[in-house]
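Below is one structure, written out as structure tokens; comments come after it.
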Amino acid sequence: MKWPRPLSLRWRLVVAFVLVSAPPVLIASYLAAQAIAGVFQQNVERWLNETSLFLVSQVNDAVTEADRSASTIATALSRDADLSSSDSIKPYAELLAAAGYDYVRIEDENGTARYASGATATIGSMPHRAFKSVLNMKVSGATKLAIAAVRPFDAAGARHYVLVSNILDERFFTVSQGIKSLDVRVTRLEDGKLIGSDGDPAKALPISTDALQSLMAGAESVVALGSPDDEVATAYAAIRDDQSHLVGVVLCRVSSEATGLEGLSKWQLFVALALIAGAISTVVGFFLAERISRPVRALTRGLRAVAGGDYQARVPEEGGQELERLAAGFNAMTEQLGRLQAMESDMRRRQQFAVLGEAAAMIAHEIRNPLGIIKTSSQVVRMRSALKPSEDRLIGFVLDEVGRIDRLVQDILDYARPRETRKCQLDLMADVVARVIAMAAPEMQKHNVECDVAEPGESMLISGDPDQLHQVLLNLILNALDAMPEKGRLTIRAERAGDVINLIVSDTGAGIEPQVLDRIFDPFFSTKAKGAGLGLARSRGIIEEHGGTISCRSEPGHGAEFTIRLPALSVTEKECVQSS
């Protein structure tokens, strides 16, 4: 049976963080939901209560305004109108209708209607006195609350009365129609129950007995739950008649169509907070897991790279104090391993070259003895025999080749058994460069090579063997001349970089191929037809014996540049030399 692959460290950390944070998140979400719901409920109740009182104040203002309108019409009718004709009354009634009143009635003291408009009729007879109040009226056969005002006036020697009224229902409150989250209802009191504007007693709106009794006892408003199962509070504001009797109630509550926080219950708020907090916890957990696992993954990649032989691999030092120390230790370890590998490679190479040099020296020694016999015998034959010109030329070829082989053998012996280095204080430019340039001047003229030596402006004092350094620089110049057989430019300059003096030799020759550049300092490697391949190898050995390094950079077609780095003579060494 194949078991499923375990989760990575990052996802295990995410899951662990979520599991650990889930209980506190749920508890905190529940407490926050309770606190927020409580505070929000208080604010909603206060808002609903103030809104209901404001709407009732609008009703009272409307009653006062109706009384003013009735008074104005009564005054105008008593002065200008001919009540014997309804046409003379109609303009005033139409003016009231344009002002928004639903019903206008004018009757005499006997109750005979002189004019009536609208489908509304009063319950009972019209009060024959100055009157303004909220009362029940019939509207198309249904009983509804209405704002009404009556004003008496005298016309044609008789007493008359004008009634203006307006239906009091939800459409009366235009301000509430623009607030979708607010549900406003106008109810009237009938048999101790609140009846809605539709007038159906079977659909009496729920209100607690205590709340209704408080309103009937004189309270301006009450905020209570509509029913025991209803968690939404409702504000009830009393509508009273001119005798301060409760005739209706303005009911304000949060609409079921509310889409904001006002429409959320405590449990809905809890679920919303839990989901938000859970999402935040997951994101934070993922971030922390990524922050912790990223350095671990980097260390894993680094270990794999080192295991594959890449000792240049480094990991970023991040992820906290402990992981930073671990990464720093890993980098130090890989750096040390890289140095050890380089030292091991260099030691192995040196051992190989040493064995090769000893073998070459032994072979060269064995070759030198018969080579001397050949050279002596050829010279004797040349001196004691009367040779023809062709035969003498052949003997010359033999002696030339014997000389070349002898020089090659001497180079091998010099590389395998270098002579002892004798150091002294010297000026690199004055004691080495100047002497080599003077010696190589004829060869440079022969090859049409211009030589530029940049004066450093200060003494380049070092401790070294002038003869060996002379040999190194001469070898570099001769190689440069071979790279510029017809013409070119040779540049030599020295510069100080802290405790190191750099001697830079560059030419404008053909340059060195990249695949050859890495091997030019290997012994017995040469691109020349007659070269032994020991010049640069011997030069590197001399520079390393002086505590320095030699390197080369080149691009094909753009010449080559050799840089020799030697330790500058320290102040203490200068003082010792001067005192001695």
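Residues in the structure tokens are named by chain (A, B, ... in the order shown) and by number from 1 within that chain; ligands are numbered from 1 in the order shown.
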
For this session: Considering only C-alpha atoms, return as a ChimeraX atom specification whatever protein or nucleic-acid residues lie within 6 Å of segment 470-485 of chain A, sequence-local ones (same chain, fewer than 3 positions apart) excluded.
Result: /A:432,447,466-467,488,509,539

Emit the selected residues as a PDB file, in the first residue's frame, including N, CA and C atoms.
ATOM      1  N   VAL A 432      63.853  46.825 -12.097  1.00  0.00           N
ATOM      2  CA  VAL A 432      63.448  45.646 -12.878  1.00  0.00           C
ATOM      3  C   VAL A 432      62.925  46.064 -14.253  1.00  0.00           C
ATOM      4  N   HIS A 447      60.364  44.224 -34.253  1.00  0.00           N
ATOM      5  CA  HIS A 447      58.957  43.876 -34.491  1.00  0.00           C
ATOM      6  C   HIS A 447      58.065  45.112 -34.678  1.00  0.00           C
ATOM      7  N   PRO A 466      65.943  40.408  -7.858  1.00  0.00           N
ATOM      8  CA  PRO A 466      65.876  41.166  -9.119  1.00  0.00           C
ATOM      9  C   PRO A 466      66.089  40.295 -10.351  1.00  0.00           C
ATOM     10  N   ASP A 467      66.966  39.289 -10.236  1.00  0.00           N
ATOM     11  CA  ASP A 467      67.220  38.437 -11.399  1.00  0.00           C
ATOM     12  C   ASP A 467      65.989  37.602 -11.755  1.00  0.00           C
ATOM     13  N   GLY A 488      52.677  46.696 -33.129  1.00  0.00           N
ATOM     14  CA  GLY A 488      51.729  46.706 -32.023  1.00  0.00           C
ATOM     15  C   GLY A 488      52.173  47.669 -30.942  1.00  0.00           C
ATOM     16  N   GLY A 509      48.051  42.336 -29.181  1.00  0.00           N
ATOM     17  CA  GLY A 509      48.190  41.199 -30.080  1.00  0.00           C
ATOM     18  C   GLY A 509      46.869  40.520 -30.373  1.00  0.00           C
ATOM     19  N   SER A 539      57.378  31.366 -14.387  1.00  0.00           N
ATOM     20  CA  SER A 539      57.089  32.718 -13.932  1.00  0.00           C
ATOM     21  C   SER A 539      56.109  32.694 -12.747  1.00  0.00           C
TER      22      SER A 539
END

For this session: Rank A:Pro295, A:His128, A:Ala332, A:Thr491 by their smallest atom-to-atom distance to Pro316 of chain A, using only C-alpha atoms, and report the top residue only.
Result: A:Pro295

Exercise. Do you know which residues are at most 10 Å from Val186 of chain A counting only C-alpha atoms, after dropping those on the same chain fewer than 2 positions away, and could you put them as an MDAnalysis selection string?
Worked result: chainID A and resid 144:145 168:173 184 188 194:198 236:237 239 248:252

Problem set entry | Selected residue of minimal separation from Val436 of chain A among A:Ala454, A:Val500, A:Leu469, A:Ile550, counting only C-alpha atoms |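 Selected residue with least distance to Val436 of chain A: A:Leu469.
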
Exercise. Which of these, A:Gln213, A:Gln42, A:Ser378, A:Thr234, has the shortest distance to Glu391 of chain A once you count only C-alpha atoms?
Worked result: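 Among the listed residues, the smallest separation from Glu391 of chain A belongs to A:Ser378.
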
Problem set entry | A:Ser345, A:Thr174, A:Gln312, A:Asn502 ranked by distance to Leu461 of chain A, top pick (using only C-alpha atoms) |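 The shortest atom-to-atom distance to Leu461 of chain A comes from A:Asn502.
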
Problem set entry | Atom pair atom CA of Val381 of chain A / atom CA of Ile367 of chain A: separation (Å) |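 Distance reported for this atom pair: 21.2 Å.
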
Exercise. Counting only C-alpha atoms, which of A:Pro91, A:Leu503, A:His558, A:Gly464 gets nearest to Leu426 of chain A?
Worked result: A:Gly464

For this session: Mind checking which residues fall within 7 Å of segment 299-302 of chain A, counting only C-alpha atoms, ignoring those fewer than 3 positions away in the same chain, and posting them as a list in words?
Result: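 Those residues are Pro295, Val296, Ala305, Val306, Ala313, Arg314 and Val315 of chain A.
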
Just-selected residues, all heavy atoms written as a compact mmCIF listing (two decimals), in the first residue's frame:
# COMPACT_ATOMS: atom_id res chain seq x y z
N PRO A 295 14.03 30.02 4.69
CA PRO A 295 15.44 29.76 4.98
C PRO A 295 15.77 28.27 5.04
O PRO A 295 16.87 27.86 4.65
CB PRO A 295 15.64 30.43 6.35
CG PRO A 295 14.55 31.44 6.45
CD PRO A 295 13.40 30.83 5.73
N VAL A 296 14.81 27.45 5.53
CA VAL A 296 15.07 26.01 5.59
C VAL A 296 15.20 25.45 4.17
O VAL A 296 16.08 24.62 3.90
CB VAL A 296 13.94 25.31 6.37
CG1 VAL A 296 14.14 23.80 6.36
CG2 VAL A 296 13.90 25.82 7.81
N ALA A 305 23.54 21.47 -3.20
CA ALA A 305 24.59 22.02 -4.07
C ALA A 305 25.97 21.61 -3.59
O ALA A 305 26.83 21.22 -4.39
CB ALA A 305 24.46 23.54 -4.14
N VAL A 306 26.19 21.68 -2.27
CA VAL A 306 27.50 21.29 -1.72
C VAL A 306 27.73 19.80 -1.94
O VAL A 306 28.84 19.36 -2.27
CB VAL A 306 27.58 21.66 -0.24
CG1 VAL A 306 28.84 21.09 0.40
CG2 VAL A 306 27.58 23.17 -0.08
N ALA A 313 28.24 27.70 -3.33
CA ALA A 313 26.83 27.92 -2.95
C ALA A 313 26.76 28.68 -1.63
O ALA A 313 27.49 28.39 -0.69
CB ALA A 313 26.10 26.58 -2.82
N ARG A 314 25.89 29.67 -1.59
CA ARG A 314 25.65 30.46 -0.37
C ARG A 314 24.14 30.59 -0.17
O ARG A 314 23.37 30.56 -1.12
CB ARG A 314 26.28 31.85 -0.47
CG ARG A 314 27.79 31.85 -0.65
CD ARG A 314 28.49 31.35 0.61
NE ARG A 314 29.93 31.46 0.49
CZ ARG A 314 30.71 30.50 -0.01
NH1 ARG A 314 30.16 29.37 -0.45
NH2 ARG A 314 32.02 30.66 -0.09
N VAL A 315 23.74 30.72 1.08
CA VAL A 315 22.32 30.89 1.40
C VAL A 315 22.14 32.24 2.06
O VAL A 315 23.04 32.73 2.77
CB VAL A 315 21.81 29.76 2.33
CG1 VAL A 315 21.93 28.42 1.64
CG2 VAL A 315 22.59 29.75 3.64

For this session: Write out as a ChimeraX atom specification each polymer residue whose atoms come within 10 Å of Met429 of chain A, counting only C-alpha atoms; drop sequence neighbours fewer than 2 positions from it.
Result: /A:426-427,431-436,453-456,458-461,492-494,503

Exercise. When distances are computed from only C-alpha atoms, which of A:Asn60, A:Glu513, A:Val449, A:Thr143 shows the smallest separation from Arg489 of chain A?
Worked result: A:Val449

For this session: Identify all residues of segment 162-196 of chain A in alpha helix (DSSP H) (DSSP on the backbone) and supply them as a ChimeraX atom specification.
Result: /A:174-177

For those residues, write N, CA and C atoms to a file as a PDB file, in the first residue's frame.
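File part_2.pdb, as written:
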ATOM      1  N   THR A 174     -42.567  61.269   3.586  1.00  0.00           N
ATOM      2  CA  THR A 174     -41.708  61.155   2.392  1.00  0.00           C
ATOM      3  C   THR A 174     -40.247  60.968   2.750  1.00  0.00           C
ATOM      4  N   VAL A 175     -39.839  61.448   3.929  1.00  0.00           N
ATOM      5  CA  VAL A 175     -38.425  61.333   4.294  1.00  0.00           C
ATOM      6  C   VAL A 175     -38.023  59.888   4.497  1.00  0.00           C
ATOM      7  N   SER A 176     -38.967  59.041   4.951  1.00  0.00           N
ATOM      8  CA  SER A 176     -38.632  57.642   5.207  1.00  0.00           C
ATOM      9  C   SER A 176     -38.524  56.834   3.924  1.00  0.00           C
ATOM     10  N   GLN A 177     -39.100  57.327   2.829  1.00  0.00           N
ATOM     11  CA  GLN A 177     -39.071  56.576   1.585  1.00  0.00           C
ATOM     12  C   GLN A 177     -37.685  56.544   0.951  1.00  0.00           C
TER      13      GLN A 177
END

Problem set entry | Nearby residues (only C-alpha atoms) at most 10 Å from Val223 of chain A, same-chain spacing under 2 positions excluded, as a PyMOL selection string | chain A and resi 45-46+48-49+52+211+221+225-226+233-237+251-253
